[in-house]
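Here the structure comes first, spelled out in structure tokens, and everything after it is commentary.
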Amino acid sequence: MDIYLKQAILQIIDRQTGPIFSTQPLDLTKEFVREYLIKKIQKLASAQTKTGTLVASSAFATLSQQAQTDFIACSQAITERWYEQYQASEEAPSCDIFVVLYEQDTQLYLAFLKVDYHEGYTHLIDSGEAGVQNELIVHQALLSGKTQKADEGLSLNLSDLTYELIEKKYVFSGTKQWYFSTRVIEAQPLPSLEENVKVIKKVAEKIGAKFEAPKHDVVADVKEAVYESVEETGQIDAEAVAEKVFKTNLTAKQAFKEEVAEKGYIDQAPLLRDAKTITEKKYGKQKLKLSNGIELIVPLEVYRNPDLIEFTSNPDGTISVMIKNVDEVINRL
């Protein structure tokens with residue numbers, strides 16, 4: 001899915017002096033600028049990304065609709081709205097804000113990307129009467145590289161007002177709070193893929209323990225069920241997970257479905273656009289850490305094949321893991 005940048009602007013947020021607003025957009029003819037912004041936008045899609053839809057009459061939605069007619073004024077207005085809430089935190093750091101108008105799959109989007117400053121070392125060339133002296137200095141306002149995701153960010157579809165959000169908790173009046181969703185866009189997002197899976201995993205382990213199911217099997221079944229459910233339907237289906245994990249145990253399945261609902265899991269919630277790719281990468285492999293220090297990363301199709309890997313419960317309560325039919329062992333440094 002190609003991203004076509006239309007306009008972009010950089011706003012500087014210095015917690016000591018306040019915002020410094022640009023009156024000119026970024027030069028998108030520069031390849032490194034385009035590459036940096038596109039990578040940051042792509043990185044908004046992750047297992048931690050929350051999704052939702054803005055209320056059309058909300059202040060943020062109204063401001064965002066002005067991006068097509070007066071981009072610079074719009075970028076400043078939504079940054080000011082965000083900063084009004086952000087500055088109230090005792091610990092929120094200085095950062096740069098990128099506001100980007102872009103097109104993807106014939107749809108128009110507005111991205112709000114917050115990139116925190118990082119301390120780093122660089123050189124300084126000092127030329128004086130005594131000659132040239134190369135100095136090592138500490139730079140207080142370096143940005144993360146293009147391969148790293150923004151510290152917070154929002155991608156908003158300007159047509160239907162659906163959004164994808166990455167947000168952080170900051171301290172406000174002594175307590176950590178989600179401020180972006182509750183105060184800036186004033187919308188309640190659905191749980192992220194990661195949040196939903198954490199609830200499912202925790203409840204499945206709890207229910208599985210009651211019925212003496214091996215923990216490693218329960219976790220493996222959960223990951224496989226999530227992977228297959230998202231691949232087939234684009235959503236996580238609690239019924240499919242229960243069926244995979246607890247099979248014919250009707251009591252366990254019912255207890256599982258009731259408890260995940262109590263814990264905040266939202267069944268078959270719409271996921272982000274790249275959910276299938278993210279699910280394959282994050283849940284398409286079993287990551288096993290054995291008590292003797294051995295760690296294994298096993299693809300799902302291998303994990304389920306007894307001709308390739310086998311788990312045996314021993315009489316003394318230990319578990320033996322046998323890896324079979326290996327043609328070659330490659331030792332990488």
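Here, A, B, ... name the chains of the structure tokens in the order displayed, residue numbers run from 1 inside each chain, and ligands are numbered from 1 in the same displayed order.
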
Considering only C-alpha atoms, give me a table of residues in range 181-224 of chain A that are at most 12 Å from range 59-77 of chain A, with the closest atom pair and distance in Å for each, as a Markdown table.
| residue | atom | partner | partner_atom | distance |
| --- | --- | --- | --- | --- |
| A:Ser181 | CA | A:Phe60 | CA | 10.8 |
| A:Thr182 | CA | A:Phe60 | CA | 11.7 |
| A:Arg183 | CA | A:Phe60 | CA | 10.1 |
| A:Val184 | CA | A:Phe60 | CA | 7.2 |
| A:Ile185 | CA | A:Phe60 | CA | 5.5 |
| A:Glu186 | CA | A:Phe60 | CA | 8.0 |
| A:Ala187 | CA | A:Phe60 | CA | 9.9 |

Checklist entry - What is the CA of Asp2 in chain A-CA of Thr79 in chain A distance in Å, reported with one decimal? => result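 Separation between CA of Asp2 in chain A and CA of Thr79 in chain A: 26.2 Å.
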
Item to check | Residue neighbourhood Val115 in chain A, 6 Å, only C-alpha atoms, exclusion window fewer than 2 positions, as a list in words | outcome: Cys95, Asp96, Ala150 and Asp151 of chain A

Generate a file of the selected residues that holds C-alpha atoms, formatted as a CSV table (one decimal), in the first residue's frame.
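Result file selection26.csv:
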chain,number,residue,atom,x,y,z
A,95,CYS,CA,9.6,16.8,21.2
A,96,ASP,CA,8.9,17.5,17.5
A,150,ALA,CA,6.9,7.6,16.6
A,151,ASP,CA,6.5,7.9,20.4

Next on the checklist: Let's see if you can do this: from backbone DSSP, list all strand (DSSP E) residues in range 71-316 of chain A, as a PyMOL selection string.
Outcome noted: chain A and resi 95-104+107-116+118-128+131-142+152-157+162-166+169-172+175-178+285-289+295-299+309-313

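Across the structure, CA of Ala47 in chain A and CA of Lys149 in chain A are spaced 12.1 Å apart.
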
Item to check | For Asp160 in chain A, the nearest of the candidates A:Tyr109, A:Phe172, A:Phe256, A:Tyr265, counting only C-alpha atoms | outcome: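 That would be A:Tyr109, the residue with the smallest distance to Asp160 in chain A.
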
So which bits of range 126-189 of chain A end up helix (DSSP H, G or I) when you DSSP the backbone, as a short mmCIF file (atom, residue, chain, number, x, y, z; two decimals) with C-alpha atoms, in the first residue's frame?
data_model
loop_
_atom_site.label_atom_id
_atom_site.label_comp_id
_atom_site.auth_asym_id
_atom_site.auth_seq_id
_atom_site.Cartn_x
_atom_site.Cartn_y
_atom_site.Cartn_z
CA PHE A 180 -4.41 11.66 23.99
CA SER A 181 -7.61 9.67 23.61
CA THR A 182 -9.46 11.14 26.60
CA ARG A 183 -8.46 14.81 26.32
CA VAL A 184 -7.18 15.53 22.81
#

Checklist entry - From the list A:Lys223, A:Leu44, A:Ala255, A:Ala88, which residue is nearest Val241 in chain A when using only C-alpha atoms? => result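 Result for the nearest residue to Val241 in chain A: A:Lys223.
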
Item to check | Minimum-distance residue to Lys289 in chain A, chosen among A:His139, A:Arg81, A:Lys198, A:His216 (using only C-alpha atoms) | outcome: A:His216

Next on the checklist: At a cut-off of 12 Å, using only C-alpha atoms, what residues contact Lys202 in chain A? Leave out same-chain residues fewer than 2 positions from it and give the result as a list of chain:residue names.
Outcome noted: A:Glu195, A:Asn196, A:Val197, A:Lys198, A:Val199, A:Ile200, A:Ala204, A:Glu205, A:Lys206, A:Ile207, A:Gly208, A:Ala209, A:Lys215, A:Val218, A:Val219, A:Val222, A:Phe256, A:Glu259, A:Val260, A:Lys263, A:Tyr265

Save out the residues we just selected, N, CA, C and O atoms, as a PDB file, in the first residue's frame.
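The resulting file, result.pdb, is shown below:
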ATOM      1  N   GLU A 195      -3.347  -5.692  23.709  1.00  0.00           N
ATOM      2  CA  GLU A 195      -4.144  -5.663  24.937  1.00  0.00           C
ATOM      3  C   GLU A 195      -5.161  -6.804  24.959  1.00  0.00           C
ATOM      4  O   GLU A 195      -5.343  -7.473  25.983  1.00  0.00           O
ATOM      5  N   ASN A 196      -5.838  -7.022  23.838  1.00  0.00           N
ATOM      6  CA  ASN A 196      -6.822  -8.103  23.770  1.00  0.00           C
ATOM      7  C   ASN A 196      -6.172  -9.472  23.958  1.00  0.00           C
ATOM      8  O   ASN A 196      -6.689 -10.341  24.663  1.00  0.00           O
ATOM      9  N   VAL A 197      -5.019  -9.667  23.319  1.00  0.00           N
ATOM     10  CA  VAL A 197      -4.338 -10.963  23.414  1.00  0.00           C
ATOM     11  C   VAL A 197      -3.832 -11.204  24.835  1.00  0.00           C
ATOM     12  O   VAL A 197      -3.875 -12.330  25.332  1.00  0.00           O
ATOM     13  N   LYS A 198      -3.365 -10.155  25.510  1.00  0.00           N
ATOM     14  CA  LYS A 198      -2.908 -10.300  26.900  1.00  0.00           C
ATOM     15  C   LYS A 198      -4.038 -10.777  27.801  1.00  0.00           C
ATOM     16  O   LYS A 198      -3.849 -11.643  28.667  1.00  0.00           O
ATOM     17  N   VAL A 199      -5.229 -10.205  27.600  1.00  0.00           N
ATOM     18  CA  VAL A 199      -6.390 -10.629  28.393  1.00  0.00           C
ATOM     19  C   VAL A 199      -6.715 -12.091  28.102  1.00  0.00           C
ATOM     20  O   VAL A 199      -6.918 -12.903  29.014  1.00  0.00           O
ATOM     21  N   ILE A 200      -6.761 -12.445  26.824  1.00  0.00           N
ATOM     22  CA  ILE A 200      -7.081 -13.815  26.423  1.00  0.00           C
ATOM     23  C   ILE A 200      -6.077 -14.797  27.015  1.00  0.00           C
ATOM     24  O   ILE A 200      -6.444 -15.839  27.569  1.00  0.00           O
ATOM     25  N   ALA A 204      -6.948 -17.627  29.742  1.00  0.00           N
ATOM     26  CA  ALA A 204      -6.790 -19.009  29.282  1.00  0.00           C
ATOM     27  C   ALA A 204      -5.853 -19.788  30.200  1.00  0.00           C
ATOM     28  O   ALA A 204      -6.108 -20.960  30.517  1.00  0.00           O
ATOM     29  N   GLU A 205      -4.771 -19.144  30.652  1.00  0.00           N
ATOM     30  CA  GLU A 205      -3.847 -19.805  31.580  1.00  0.00           C
ATOM     31  C   GLU A 205      -4.535 -20.127  32.906  1.00  0.00           C
ATOM     32  O   GLU A 205      -4.346 -21.208  33.482  1.00  0.00           O
ATOM     33  N   LYS A 206      -5.358 -19.184  33.371  1.00  0.00           N
ATOM     34  CA  LYS A 206      -6.062 -19.373  34.639  1.00  0.00           C
ATOM     35  C   LYS A 206      -7.064 -20.519  34.549  1.00  0.00           C
ATOM     36  O   LYS A 206      -7.104 -21.401  35.415  1.00  0.00           O
ATOM     37  N   ILE A 207      -7.866 -20.517  33.490  1.00  0.00           N
ATOM     38  CA  ILE A 207      -8.867 -21.572  33.311  1.00  0.00           C
ATOM     39  C   ILE A 207      -8.173 -22.908  33.045  1.00  0.00           C
ATOM     40  O   ILE A 207      -8.570 -23.954  33.568  1.00  0.00           O
ATOM     41  N   GLY A 208      -7.108 -22.852  32.236  1.00  0.00           N
ATOM     42  CA  GLY A 208      -6.373 -24.077  31.917  1.00  0.00           C
ATOM     43  C   GLY A 208      -5.784 -24.725  33.160  1.00  0.00           C
ATOM     44  O   GLY A 208      -5.787 -25.956  33.288  1.00  0.00           O
ATOM     45  N   ALA A 209      -5.283 -23.905  34.096  1.00  0.00           N
ATOM     46  CA  ALA A 209      -4.692 -24.439  35.331  1.00  0.00           C
ATOM     47  C   ALA A 209      -5.731 -25.191  36.159  1.00  0.00           C
ATOM     48  O   ALA A 209      -5.423 -26.199  36.806  1.00  0.00           O
ATOM     49  N   LYS A 215       0.689 -25.516  30.735  1.00  0.00           N
ATOM     50  CA  LYS A 215       0.715 -24.090  30.430  1.00  0.00           C
ATOM     51  C   LYS A 215       1.269 -23.811  29.035  1.00  0.00           C
ATOM     52  O   LYS A 215       0.741 -22.972  28.310  1.00  0.00           O
ATOM     53  N   VAL A 218      -1.384 -24.426  26.456  1.00  0.00           N
ATOM     54  CA  VAL A 218      -2.429 -23.405  26.469  1.00  0.00           C
ATOM     55  C   VAL A 218      -1.960 -22.152  25.735  1.00  0.00           C
ATOM     56  O   VAL A 218      -2.674 -21.614  24.875  1.00  0.00           O
ATOM     57  N   VAL A 219      -0.768 -21.669  26.050  1.00  0.00           N
ATOM     58  CA  VAL A 219      -0.240 -20.463  25.403  1.00  0.00           C
ATOM     59  C   VAL A 219      -0.065 -20.696  23.907  1.00  0.00           C
ATOM     60  O   VAL A 219      -0.382 -19.829  23.086  1.00  0.00           O
ATOM     61  N   VAL A 222      -3.441 -20.545  22.271  1.00  0.00           N
ATOM     62  CA  VAL A 222      -3.934 -19.166  22.201  1.00  0.00           C
ATOM     63  C   VAL A 222      -3.292 -18.437  21.028  1.00  0.00           C
ATOM     64  O   VAL A 222      -3.980 -17.791  20.219  1.00  0.00           O
ATOM     65  N   PHE A 256     -14.220 -19.447  30.202  1.00  0.00           N
ATOM     66  CA  PHE A 256     -13.270 -18.586  29.480  1.00  0.00           C
ATOM     67  C   PHE A 256     -13.985 -17.402  28.840  1.00  0.00           C
ATOM     68  O   PHE A 256     -13.568 -16.242  28.997  1.00  0.00           O
ATOM     69  N   GLU A 259     -15.199 -14.834  31.460  1.00  0.00           N
ATOM     70  CA  GLU A 259     -14.168 -14.073  32.178  1.00  0.00           C
ATOM     71  C   GLU A 259     -13.451 -13.078  31.277  1.00  0.00           C
ATOM     72  O   GLU A 259     -13.106 -11.982  31.722  1.00  0.00           O
ATOM     73  N   VAL A 260     -13.208 -13.418  30.007  1.00  0.00           N
ATOM     74  CA  VAL A 260     -12.529 -12.449  29.132  1.00  0.00           C
ATOM     75  C   VAL A 260     -13.405 -11.210  28.933  1.00  0.00           C
ATOM     76  O   VAL A 260     -12.900 -10.087  28.841  1.00  0.00           O
ATOM     77  N   LYS A 263     -12.990  -8.995  31.891  1.00  0.00           N
ATOM     78  CA  LYS A 263     -11.672  -8.361  31.960  1.00  0.00           C
ATOM     79  C   LYS A 263     -11.468  -7.257  30.932  1.00  0.00           C
ATOM     80  O   LYS A 263     -10.400  -6.658  30.850  1.00  0.00           O
ATOM     81  N   TYR A 265     -12.036  -7.533  27.448  1.00  0.00           N
ATOM     82  CA  TYR A 265     -11.847  -7.977  26.074  1.00  0.00           C
ATOM     83  C   TYR A 265     -13.098  -7.671  25.253  1.00  0.00           C
ATOM     84  O   TYR A 265     -14.219  -7.921  25.688  1.00  0.00           O
TER      85      TYR A 265
END

Next on the checklist: Neighbouring residues of Glu310 in chain A were defined as those with any atom within 8 Å, considering only C-alpha atoms; residues of the same chain fewer than 6 positions away were excluded. Please report them as a PyMOL selection string.
Outcome noted: chain A and resi 321-324

Next on the checklist: With only C-alpha atoms as the counted atoms, please give the residues lying no more than 12 Å from Leu37 in chain A, apart from itself and same-chain residues fewer than 4 positions off, as number ranges by chain.
Outcome noted: A: 3-10, 26-28, 30-33, 41-44, 97-102, 111-115, 144-150, 153

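The nearest approach to Ser229 in chain A among the residues A:Glu212, A:Glu280, A:Glu103, A:Glu194, with only C-alpha atoms taken into account, belongs to A:Glu280.
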
Next on the checklist: Quick one: residues within 7 Å of Ser94 in chain A, only C-alpha atoms, excluding same-chain residues fewer than 4 positions away - as a ChimeraX atom specification?
Outcome noted: /A:13-15,116-117

Convert the current residue selection to file output with N, CA and C atoms, as a compact mmCIF listing (two decimals), in the first residue's frame.
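Output saved as part-v2.txt:
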# COMPACT_ATOMS: atom_id res chain seq x y z
N ILE A 13 8.27 21.54 19.85
CA ILE A 13 7.65 21.66 21.17
C ILE A 13 8.76 21.63 22.24
N ASP A 14 9.17 22.82 22.67
CA ASP A 14 10.18 22.96 23.71
C ASP A 14 9.48 23.23 25.03
N ARG A 15 9.64 22.33 25.99
CA ARG A 15 8.93 22.49 27.26
C ARG A 15 9.43 23.69 28.07
N ASP A 116 9.85 12.17 20.30
CA ASP A 116 10.56 12.74 21.45
C ASP A 116 12.04 12.97 21.15
N TYR A 117 12.63 13.89 21.88
CA TYR A 117 14.06 14.15 21.76
C TYR A 117 14.85 13.10 22.53

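You will find CA of Ser57 in chain A at 16.8 Å from CA of Pro189 in chain A.
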